[in-house]
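Data block for protein-v7.tsv (TSV, C-alpha atoms and all ligand atoms):
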```
chain	number	residue	atom	x	y	z
A	1	MET	CA	-57.16	10.88	-47.84
A	2	SER	CA	-54.90	13.45	-49.52
A	3	ARG	CA	-56.04	17.06	-49.52
A	4	ILE	CA	-55.05	19.07	-52.59
A	5	ARG	CA	-54.49	22.80	-52.60
A	6	PHE	CA	-55.55	23.89	-56.08
A	7	GLY	CA	-53.45	27.08	-55.95
A	8	HIS	CA	-50.31	24.93	-55.93
A	9	TRP	CA	-51.03	24.05	-59.55
A	10	LEU	CA	-50.97	27.72	-60.52
A	11	LEU	CA	-47.79	28.45	-58.59
A	12	GLY	CA	-46.06	25.47	-60.18
A	13	THR	CA	-47.35	26.56	-63.57
A	14	ALA	CA	-45.84	30.03	-63.17
A	15	GLY	CA	-42.54	28.36	-62.25
A	16	MET	CA	-42.81	26.18	-65.34
A	17	GLY	CA	-43.32	29.29	-67.45
A	18	ALA	CA	-40.16	30.78	-65.93
A	19	LEU	CA	-38.22	27.58	-66.56
A	20	ARG	CA	-39.24	27.50	-70.19
A	21	SER	CA	-37.92	31.02	-70.78
A	22	TRP	CA	-34.89	31.29	-68.47
A	23	LEU	CA	-32.36	30.59	-71.25
A	24	GLY	CA	-34.14	32.79	-73.77
A	25	ALA	CA	-32.71	36.03	-75.11
A	26	ASP	CA	-35.64	38.03	-73.72
A	27	ARG	CA	-35.12	38.41	-69.97
A	28	THR	CA	-38.46	40.19	-69.56
A	29	ALA	CA	-40.35	36.92	-70.05
A	30	VAL	CA	-38.69	35.15	-67.11
A	31	ASP	CA	-38.96	38.31	-64.98
A	32	ALA	CA	-42.70	38.44	-65.68
A	33	ARG	CA	-43.18	34.84	-64.53
A	34	ILE	CA	-41.16	35.44	-61.35
A	35	ALA	CA	-43.35	38.51	-60.71
A	36	ASP	CA	-46.39	36.24	-61.15
A	37	MET	CA	-44.99	33.82	-58.57
A	38	GLU	CA	-44.26	36.63	-56.10
A	39	ARG	CA	-47.79	38.04	-56.54
A	40	LEU	CA	-49.42	34.61	-56.17
A	41	LEU	CA	-47.37	33.90	-53.04
A	42	ARG	CA	-48.43	37.26	-51.55
A	43	ILE	CA	-52.14	36.57	-52.05
A	44	ARG	CA	-52.22	32.81	-51.64
A	45	ASP	CA	-53.96	32.83	-48.26
A	46	GLU	CA	-56.42	35.64	-49.07
A	47	GLU	CA	-57.52	34.72	-52.58
A	48	PRO	CA	-60.19	32.02	-52.07
A	49	LEU	CA	-59.30	30.10	-55.22
A	50	LEU	CA	-55.62	29.90	-54.26
A	51	ALA	CA	-56.46	28.93	-50.68
A	52	LEU	CA	-59.01	26.30	-51.66
A	53	GLU	CA	-58.11	22.88	-50.30
A	54	LEU	CA	-60.20	19.81	-51.01
A	55	PRO	CA	-59.88	16.07	-50.56
A	56	VAL	CA	-58.95	14.40	-53.87
A	57	PRO	CA	-58.74	10.67	-53.24
A	58	GLU	CA	-56.79	8.52	-55.68
A	59	VAL	CA	-59.10	5.75	-56.83
A	60	ASP	CA	-58.89	2.72	-59.10
A	61	SER	CA	-60.37	2.91	-62.55
A	62	VAL	CA	-63.71	1.14	-61.93
A	63	THR	CA	-64.38	3.16	-58.77
A	64	GLY	CA	-63.33	6.41	-60.42
A	65	TYR	CA	-65.36	6.02	-63.60
A	66	ALA	CA	-68.43	5.01	-61.59
A	67	SER	CA	-68.31	8.54	-60.12
A	68	TRP	CA	-67.14	10.26	-63.31
A	69	ALA	CA	-69.69	8.69	-65.70
A	70	ASP	CA	-72.44	11.25	-64.96
A	71	THR	CA	-70.22	14.25	-65.71
A	72	TYR	CA	-67.80	12.81	-68.29
A	73	ASP	CA	-69.72	14.16	-71.28
A	74	VAL	CA	-71.06	17.23	-69.51
A	75	LEU	CA	-67.99	19.01	-68.14
A	76	PRO	CA	-65.66	20.25	-70.89
A	77	ASN	CA	-62.37	18.36	-71.18
A	78	PRO	CA	-59.46	20.21	-72.80
A	79	LEU	CA	-57.63	16.96	-73.55
A	80	ILE	CA	-60.54	15.78	-75.69
A	81	GLU	CA	-60.50	19.08	-77.59
A	82	VAL	CA	-56.92	18.32	-78.60
A	83	GLU	CA	-57.08	14.54	-79.01
A	84	GLU	CA	-60.32	14.10	-80.92
A	85	PRO	CA	-59.33	15.78	-84.22
A	86	ALA	CA	-56.07	13.79	-84.30
A	87	VAL	CA	-57.85	10.45	-83.80
A	88	ARG	CA	-60.59	11.30	-86.29
A	89	GLN	CA	-57.99	12.25	-88.87
A	90	LEU	CA	-56.48	8.74	-88.62
A	91	VAL	CA	-59.88	7.01	-88.58
A	92	THR	CA	-61.34	8.92	-91.50
A	93	ASP	CA	-59.71	7.03	-94.36
A	94	ALA	CA	-60.42	3.55	-92.90
A	95	PRO	CA	-63.04	1.81	-95.05
A	96	PRO	CA	-66.18	0.73	-93.14
A	97	GLY	CA	-65.75	-2.65	-91.49
A	98	ARG	CA	-65.72	-4.33	-88.09
A	99	ALA	CA	-64.48	-1.77	-85.58
A	100	LEU	CA	-63.63	-2.11	-81.91
A	101	ASP	CA	-63.62	0.79	-79.45
A	102	ALA	CA	-61.56	-0.70	-76.61
A	103	ALA	CA	-62.03	1.11	-73.28
A	104	CYS	CA	-64.88	2.89	-75.06
A	105	GLY	CA	-66.13	4.79	-72.01
A	106	THR	CA	-69.29	6.70	-72.88
A	107	GLY	CA	-68.86	5.81	-76.56
A	108	ARG	CA	-67.24	8.99	-77.89
A	109	HIS	CA	-65.21	7.31	-80.63
A	110	ALA	CA	-67.70	4.42	-81.01
A	111	ALA	CA	-70.37	6.95	-82.03
A	112	PHE	CA	-68.08	8.52	-84.62
A	113	LEU	CA	-67.12	5.10	-86.02
A	114	ALA	CA	-70.81	4.17	-86.31
A	115	THR	CA	-71.52	7.36	-88.29
A	116	ARG	CA	-68.69	6.32	-90.66
A	117	GLY	CA	-70.51	3.06	-91.41
A	118	HIS	CA	-68.50	0.68	-89.18
A	119	ARG	CA	-70.13	-2.18	-87.30
A	120	VAL	CA	-68.99	-1.21	-83.83
A	121	THR	CA	-68.21	-3.22	-80.73
A	122	GLY	CA	-67.30	-1.42	-77.51
A	123	VAL	CA	-65.62	-2.89	-74.44
A	124	ASP	CA	-64.98	-1.23	-71.09
A	125	THR	CA	-64.43	-2.26	-67.46
A	126	SER	CA	-66.85	0.38	-66.18
A	127	PRO	CA	-70.55	-0.57	-66.20
A	128	ALA	CA	-71.42	3.07	-65.47
A	129	MET	CA	-69.54	4.37	-68.52
A	130	LEU	CA	-71.01	1.58	-70.68
A	131	ALA	CA	-74.54	2.55	-69.62
A	132	ARG	CA	-73.88	6.00	-71.10
A	133	ALA	CA	-72.43	4.44	-74.26
A	134	ARG	CA	-75.57	2.29	-74.65
A	135	ALA	CA	-77.75	5.38	-74.71
A	136	ARG	CA	-75.41	7.21	-77.08
A	137	VAL	CA	-74.66	4.40	-79.59
A	138	PRO	CA	-77.59	1.97	-79.41
A	139	GLU	CA	-76.48	0.25	-82.61
A	140	ALA	CA	-73.13	-0.81	-81.08
A	141	ALA	CA	-72.55	-4.16	-79.35
A	142	LEU	CA	-71.24	-3.23	-75.91
A	143	ALA	CA	-69.71	-5.50	-73.30
A	144	VAL	CA	-68.02	-5.28	-69.93
A	145	GLY	CA	-64.44	-6.46	-70.40
A	146	SER	CA	-60.82	-5.63	-69.83
A	147	LEU	CA	-57.98	-4.60	-72.10
A	148	ALA	CA	-56.08	-7.50	-70.51
A	149	ALA	CA	-58.54	-10.06	-71.95
A	150	LEU	CA	-60.84	-8.58	-74.58
A	151	PRO	CA	-64.03	-10.60	-75.10
A	152	ILE	CA	-63.42	-10.51	-78.86
A	153	PRO	CA	-62.37	-13.37	-81.20
A	154	THR	CA	-58.83	-13.44	-82.56
A	155	ALA	CA	-58.24	-11.70	-85.91
A	156	SER	CA	-61.85	-10.52	-86.13
A	157	VAL	CA	-61.48	-6.72	-86.22
A	158	ASP	CA	-60.55	-4.40	-89.11
A	159	LEU	CA	-60.01	-1.31	-87.01
A	160	ALA	CA	-59.43	-0.93	-83.27
A	161	VAL	CA	-59.33	2.33	-81.33
A	162	CYS	CA	-58.17	2.58	-77.74
A	163	ALA	CA	-58.41	6.16	-76.50
A	164	LEU	CA	-57.30	7.81	-73.27
A	165	ALA	CA	-57.12	4.56	-71.31
A	166	LEU	CA	-53.60	3.09	-71.40
A	167	MET	CA	-52.37	5.57	-68.76
A	168	HIS	CA	-54.59	3.72	-66.29
A	169	LEU	CA	-52.51	0.54	-66.74
A	170	PRO	CA	-49.18	0.10	-64.94
A	171	GLU	CA	-47.88	-1.91	-67.93
A	172	ILE	CA	-49.03	-1.35	-71.52
A	173	GLY	CA	-47.40	-4.42	-73.13
A	174	PRO	CA	-50.17	-6.94	-72.32
A	175	ALA	CA	-52.96	-4.61	-73.51
A	176	ILE	CA	-51.16	-3.81	-76.76
A	177	ALA	CA	-50.57	-7.53	-77.39
A	178	GLU	CA	-54.27	-8.16	-76.75
A	179	LEU	CA	-55.33	-5.37	-79.14
A	180	ARG	CA	-53.02	-6.84	-81.76
A	181	ARG	CA	-54.52	-10.32	-81.21
A	182	VAL	CA	-58.03	-9.19	-82.15
A	183	LEU	CA	-56.91	-7.40	-85.36
A	184	ARG	CA	-57.01	-9.25	-88.66
A	185	PRO	CA	-53.73	-9.21	-90.64
A	186	GLY	CA	-53.47	-5.73	-92.14
A	187	GLY	CA	-55.95	-4.37	-89.59
A	188	ARG	CA	-55.39	-0.95	-88.08
A	189	LEU	CA	-54.94	0.14	-84.49
A	190	ILE	CA	-55.22	3.72	-83.25
A	191	LEU	CA	-54.07	4.54	-79.74
A	192	SER	CA	-54.37	7.85	-77.95
A	193	ASP	CA	-53.52	9.05	-74.49
A	194	LEU	CA	-52.61	12.05	-72.38
A	195	HIS	CA	-49.04	12.81	-73.45
A	196	PRO	CA	-46.36	11.48	-71.07
A	197	THR	CA	-44.83	14.97	-70.89
A	198	THR	CA	-48.06	16.52	-69.60
A	199	LEU	CA	-48.62	13.58	-67.26
A	200	THR	CA	-45.11	13.98	-65.86
A	201	LEU	CA	-45.72	17.70	-65.32
A	202	GLY	CA	-48.61	17.14	-62.93
A	203	GLY	CA	-51.38	16.19	-65.35
A	204	GLY	CA	-53.73	13.34	-64.62
A	205	ALA	CA	-57.26	11.99	-64.69
A	206	LEU	CA	-58.69	14.53	-62.24
A	207	PHE	CA	-62.47	14.56	-62.22
A	208	GLN	CA	-65.45	16.12	-60.49
A	209	GLY	CA	-68.46	13.89	-59.97
A	210	ALA	CA	-72.12	14.94	-60.08
A	211	ASP	CA	-72.04	15.44	-56.29
A	212	GLY	CA	-69.27	18.04	-56.73
A	213	ALA	CA	-66.59	15.84	-55.11
A	214	PHE	CA	-63.21	15.51	-56.83
A	215	GLY	CA	-61.17	12.38	-57.39
A	216	ARG	CA	-58.20	11.18	-59.38
A	217	VAL	CA	-58.03	7.88	-61.25
A	218	SER	CA	-54.60	6.24	-60.85
A	219	GLY	CA	-52.29	6.81	-63.78
A	220	TRP	CA	-48.85	5.72	-64.95
A	221	VAL	CA	-46.42	7.41	-67.36
A	222	HIS	CA	-45.61	5.40	-70.49
A	223	ARG	CA	-42.75	6.73	-72.53
A	224	HIS	CA	-42.27	6.41	-76.27
A	225	GLU	CA	-39.74	3.63	-75.67
A	226	ASP	CA	-42.41	1.65	-73.77
A	227	TYR	CA	-44.81	1.96	-76.69
A	228	VAL	CA	-42.24	1.19	-79.37
A	229	GLY	CA	-41.00	-1.81	-77.38
A	230	ALA	CA	-44.56	-3.14	-77.10
A	231	PHE	CA	-45.27	-2.56	-80.81
A	232	THR	CA	-42.06	-4.31	-81.84
A	233	ALA	CA	-42.63	-7.24	-79.48
A	234	THR	CA	-46.08	-7.96	-80.88
A	235	GLY	CA	-45.68	-7.16	-84.58
A	236	LEU	CA	-47.34	-3.79	-85.04
A	237	GLU	CA	-45.94	-1.37	-87.62
A	238	ILE	CA	-45.99	2.33	-86.83
A	239	ARG	CA	-47.68	4.34	-89.59
A	240	ALA	CA	-48.22	7.58	-87.67
A	241	CYS	CA	-47.17	9.23	-84.43
A	242	VAL	CA	-48.97	12.51	-83.77
A	243	GLU	CA	-48.36	14.77	-80.79
A	244	PRO	CA	-50.92	17.59	-80.79
A	245	THR	CA	-49.89	20.43	-78.50
A	246	TRP	CA	-51.73	22.67	-76.08
A	247	GLY	CA	-52.92	25.81	-77.83
A	248	GLU	CA	-54.06	29.11	-76.38
A	249	SER	CA	-57.72	28.19	-76.78
A	250	GLU	CA	-57.61	25.07	-74.55
A	251	LEU	CA	-55.83	26.70	-71.63
A	252	PRO	CA	-58.76	28.51	-69.98
A	253	LEU	CA	-60.38	25.05	-69.78
A	254	LEU	CA	-57.21	23.42	-68.51
A	255	GLY	CA	-56.77	26.02	-65.77
A	256	GLY	CA	-60.45	26.30	-64.90
A	257	PRO	CA	-61.25	29.20	-62.57
A	258	LEU	CA	-57.55	29.53	-61.68
A	259	TYR	CA	-56.70	30.58	-65.22
A	260	ALA	CA	-57.98	34.13	-64.76
A	261	LEU	CA	-55.57	34.70	-61.85
A	262	ALA	CA	-52.46	34.35	-64.05
A	263	PRO	CA	-53.39	33.77	-67.71
A	264	GLU	CA	-50.00	34.76	-69.11
A	265	ALA	CA	-48.26	32.31	-66.80
A	266	VAL	CA	-50.52	29.46	-67.93
A	267	GLN	CA	-49.90	30.35	-71.56
A	268	ALA	CA	-46.13	30.60	-71.06
A	269	ALA	CA	-46.06	27.23	-69.33
A	270	PHE	CA	-48.27	25.19	-71.66
A	271	VAL	CA	-48.52	26.60	-75.19
A	272	GLY	CA	-46.60	24.24	-77.48
A	273	LEU	CA	-46.19	21.43	-74.94
A	274	PRO	CA	-47.45	18.10	-76.24
A	275	ALA	CA	-50.94	17.42	-74.87
A	276	ALA	CA	-51.80	14.07	-76.43
A	277	LEU	CA	-49.91	11.15	-77.93
A	278	VAL	CA	-51.66	9.42	-80.83
A	279	TRP	CA	-50.34	6.36	-82.68
A	280	GLY	CA	-51.52	4.88	-85.97
A	281	LEU	CA	-50.44	1.22	-86.37
A	282	VAL	CA	-50.98	-1.69	-88.68
A	283	ARG	CA	-50.88	-5.38	-87.83
A	284	SER	CA	-48.18	-6.93	-90.02
B	1	LIG	C1	-60.75	8.66	-69.97
B	1	LIG	S1	-61.87	7.37	-70.27
B	1	LIG	C2	-61.84	7.31	-72.05
B	1	LIG	C3	-63.12	6.78	-72.61
B	1	LIG	C4	-63.17	6.85	-74.13
B	1	LIG	N1	-62.21	5.94	-74.74
B	1	LIG	C5	-62.91	8.26	-74.60
B	1	LIG	O1	-61.82	8.49	-75.14
B	1	LIG	O2	-63.78	9.12	-74.39
B	1	LIG	C6	-60.98	5.89	-69.85
B	1	LIG	C7	-61.83	4.66	-69.99
B	1	LIG	O3	-60.97	3.53	-69.90
B	1	LIG	C8	-61.67	2.52	-69.19
B	1	LIG	N2	-60.68	1.58	-68.67
B	1	LIG	C9	-59.69	1.81	-67.79
B	1	LIG	N3	-58.95	0.72	-67.60
B	1	LIG	C10	-59.48	-0.25	-68.40
B	1	LIG	C11	-59.16	-1.61	-68.66
B	1	LIG	N4	-58.13	-2.21	-68.04
B	1	LIG	N5	-59.89	-2.30	-69.54
B	1	LIG	C12	-60.96	-1.71	-70.17
B	1	LIG	N6	-61.31	-0.41	-69.95
B	1	LIG	C13	-60.58	0.31	-69.09
B	1	LIG	C14	-62.40	3.28	-68.11
B	1	LIG	O4	-63.45	2.56	-67.54
B	1	LIG	C15	-62.86	4.51	-68.90
B	1	LIG	O5	-64.14	4.31	-69.45
```
Could I get this structure in the form of structure tokens?
Amino acid sequence: MSRIRFGHWLLGTAGMGALRSWLGADRTAVDARIADMERLLRIRDEEPLLALELPVPEVDSVTGYASWADTYDVLPNPLIEVEEPAVRQLVTDAPPGRALDAACGTGRHAAFLATRGHRVTGVDTSPAMLARARARVPEAALAVGSLAALPIPTASVDLAVCALALMHLPEIGPAIAELRRVLRPGGRLILSDLHPTTLTLGGGALFQGADGAFGRVSGWVHRHEDYVGAFTATGLEIRACVEPTWGESELPLLGGPLYALAPEAVQAAFVGLPAALVWGLVRS
């Protein structure tokens, strides 16, 4: 089982801040980040947060979300802070109809869709996450099922949302084709995920369960060309592509307790980097 040293994230982040400013006109910015790295390296074995090493097993999605379900809605998630307004913005002007929340988890978007007057169905592979969704959105029809084979009739849905789940699939093409299958002609699809840039730079589905143990659900990077190729192959028209960025306010959450050890480095590394990727599509 891999042991993770949490301080490595902060050191890498300071380096990222230096990288982002090394070609800038203001040399003081890169000097400040290098000073951060030198300071962090000096104290890395004495400062308990930098020295902290814990096992963080990589687990498959069903195993991971069984452990994460109890804390998913309790522990703050900076990605959700960024992603949720962008998804809601795209959902807001959809007239009430039959809506699917695919990979609905604990029913975050399903609940919002229900308040907008949609008749909501939710599907997820995790029974533990669905149990939470049942309590949160009792009016929704919820079922265990996979994005690879949704238990939903063809052309039966006016609006489908699939949020923060495609990164758990090694290939997105089959899931996108399946989401397109269940949409009626003219129906809308909204996809969101952790942005591939942030995922490439060490982001991921890192969680802490109710027992305090950490884990990481397997994830794969999907680039814009993967999405566009899948949309083109299955007949989905792009109506919106939104890339909300990390702002100053999310970064204390992103860094957790490490943030206070080098806040300027975290800001220099992340402010303005795309945090989420959100697509608005229509079935042609
Ligand atoms: C980060 S959670 C997002 C939950 C919810 N959509 C949200 O945005 O709050 C990812 C969810 O995707 C589900 N999931 C992962 N792979 C899946 C698959 N192949 N089919 C259906 N659900 C899947 C997980 O069980 C989990 O509930």
Subject >> Close residues to ligand LIG 1 (chain B) using all atoms listed in the file, limit 6 Å, as a ChimeraX atom specification >> reply: /A:61-62,65,103-105,108,124-126,129,145-147,163-165,168
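The interatomic distance for the pair atom CA of A:Gln267 and atom CA of A:Pro55 works out to 27.3 Å.
Take atom CA of A:Arg188 and atom CA of A:Ala275: the distance between them is 23.1 Å.
For the pair atom CA of A:Pro95 and atom CA of A:Leu159, the separation is 9.1 Å.
Comparing the minimum interatomic distances between A:Thr198 and each of A:Arg180, A:Glu225, A:Thr13, A:Ala140, counting all atoms listed in the file, we find that A:Thr13 sits nearest.
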What would stretch 175-186 of chain A look like with N, CA and C atoms restored, written as a PDB file, keeping the file's coordinate frame?
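Output (selection_19.pdb):
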```pdb
ATOM      1  N   ALA A 175     -51.777  -5.169 -72.820  1.00  0.00           N
ATOM      2  CA  ALA A 175     -52.960  -4.610 -73.510  1.00  0.00           C
ATOM      3  C   ALA A 175     -52.679  -4.442 -74.995  1.00  0.00           C
ATOM      4  N   ILE A 176     -51.479  -4.011 -75.340  1.00  0.00           N
ATOM      5  CA  ILE A 176     -51.160  -3.810 -76.760  1.00  0.00           C
ATOM      6  C   ILE A 176     -51.100  -5.177 -77.471  1.00  0.00           C
ATOM      7  N   ALA A 177     -50.578  -6.188 -76.792  1.00  0.00           N
ATOM      8  CA  ALA A 177     -50.570  -7.530 -77.390  1.00  0.00           C
ATOM      9  C   ALA A 177     -51.998  -8.039 -77.598  1.00  0.00           C
ATOM     10  N   GLU A 178     -52.875  -7.727 -76.655  1.00  0.00           N
ATOM     11  CA  GLU A 178     -54.270  -8.160 -76.750  1.00  0.00           C
ATOM     12  C   GLU A 178     -54.996  -7.423 -77.892  1.00  0.00           C
ATOM     13  N   LEU A 179     -54.727  -6.133 -78.036  1.00  0.00           N
ATOM     14  CA  LEU A 179     -55.330  -5.370 -79.140  1.00  0.00           C
ATOM     15  C   LEU A 179     -54.828  -5.914 -80.482  1.00  0.00           C
ATOM     16  N   ARG A 180     -53.581  -6.270 -80.529  1.00  0.00           N
ATOM     17  CA  ARG A 180     -53.020  -6.840 -81.760  1.00  0.00           C
ATOM     18  C   ARG A 180     -53.662  -8.197 -82.051  1.00  0.00           C
ATOM     19  N   ARG A 181     -53.919  -8.986 -81.015  1.00  0.00           N
ATOM     20  CA  ARG A 181     -54.520 -10.320 -81.210  1.00  0.00           C
ATOM     21  C   ARG A 181     -55.862 -10.236 -81.938  1.00  0.00           C
ATOM     22  N   VAL A 182     -56.675  -9.225 -81.585  1.00  0.00           N
ATOM     23  CA  VAL A 182     -58.030  -9.190 -82.150  1.00  0.00           C
ATOM     24  C   VAL A 182     -58.058  -8.605 -83.567  1.00  0.00           C
ATOM     25  N   LEU A 183     -56.950  -7.976 -84.003  1.00  0.00           N
ATOM     26  CA  LEU A 183     -56.910  -7.400 -85.360  1.00  0.00           C
ATOM     27  C   LEU A 183     -56.672  -8.477 -86.398  1.00  0.00           C
ATOM     28  N   ARG A 184     -57.329  -8.350 -87.535  1.00  0.00           N
ATOM     29  CA  ARG A 184     -57.010  -9.250 -88.660  1.00  0.00           C
ATOM     30  C   ARG A 184     -55.670  -8.785 -89.249  1.00  0.00           C
ATOM     31  N   PRO A 185     -54.972  -9.661 -89.991  1.00  0.00           N
ATOM     32  CA  PRO A 185     -53.730  -9.210 -90.640  1.00  0.00           C
ATOM     33  C   PRO A 185     -54.031  -7.999 -91.524  1.00  0.00           C
ATOM     34  N   GLY A 186     -53.236  -6.969 -91.399  1.00  0.00           N
ATOM     35  CA  GLY A 186     -53.470  -5.730 -92.140  1.00  0.00           C
ATOM     36  C   GLY A 186     -54.436  -4.783 -91.447  1.00  0.00           C
TER      37      GLY A 186
END
```
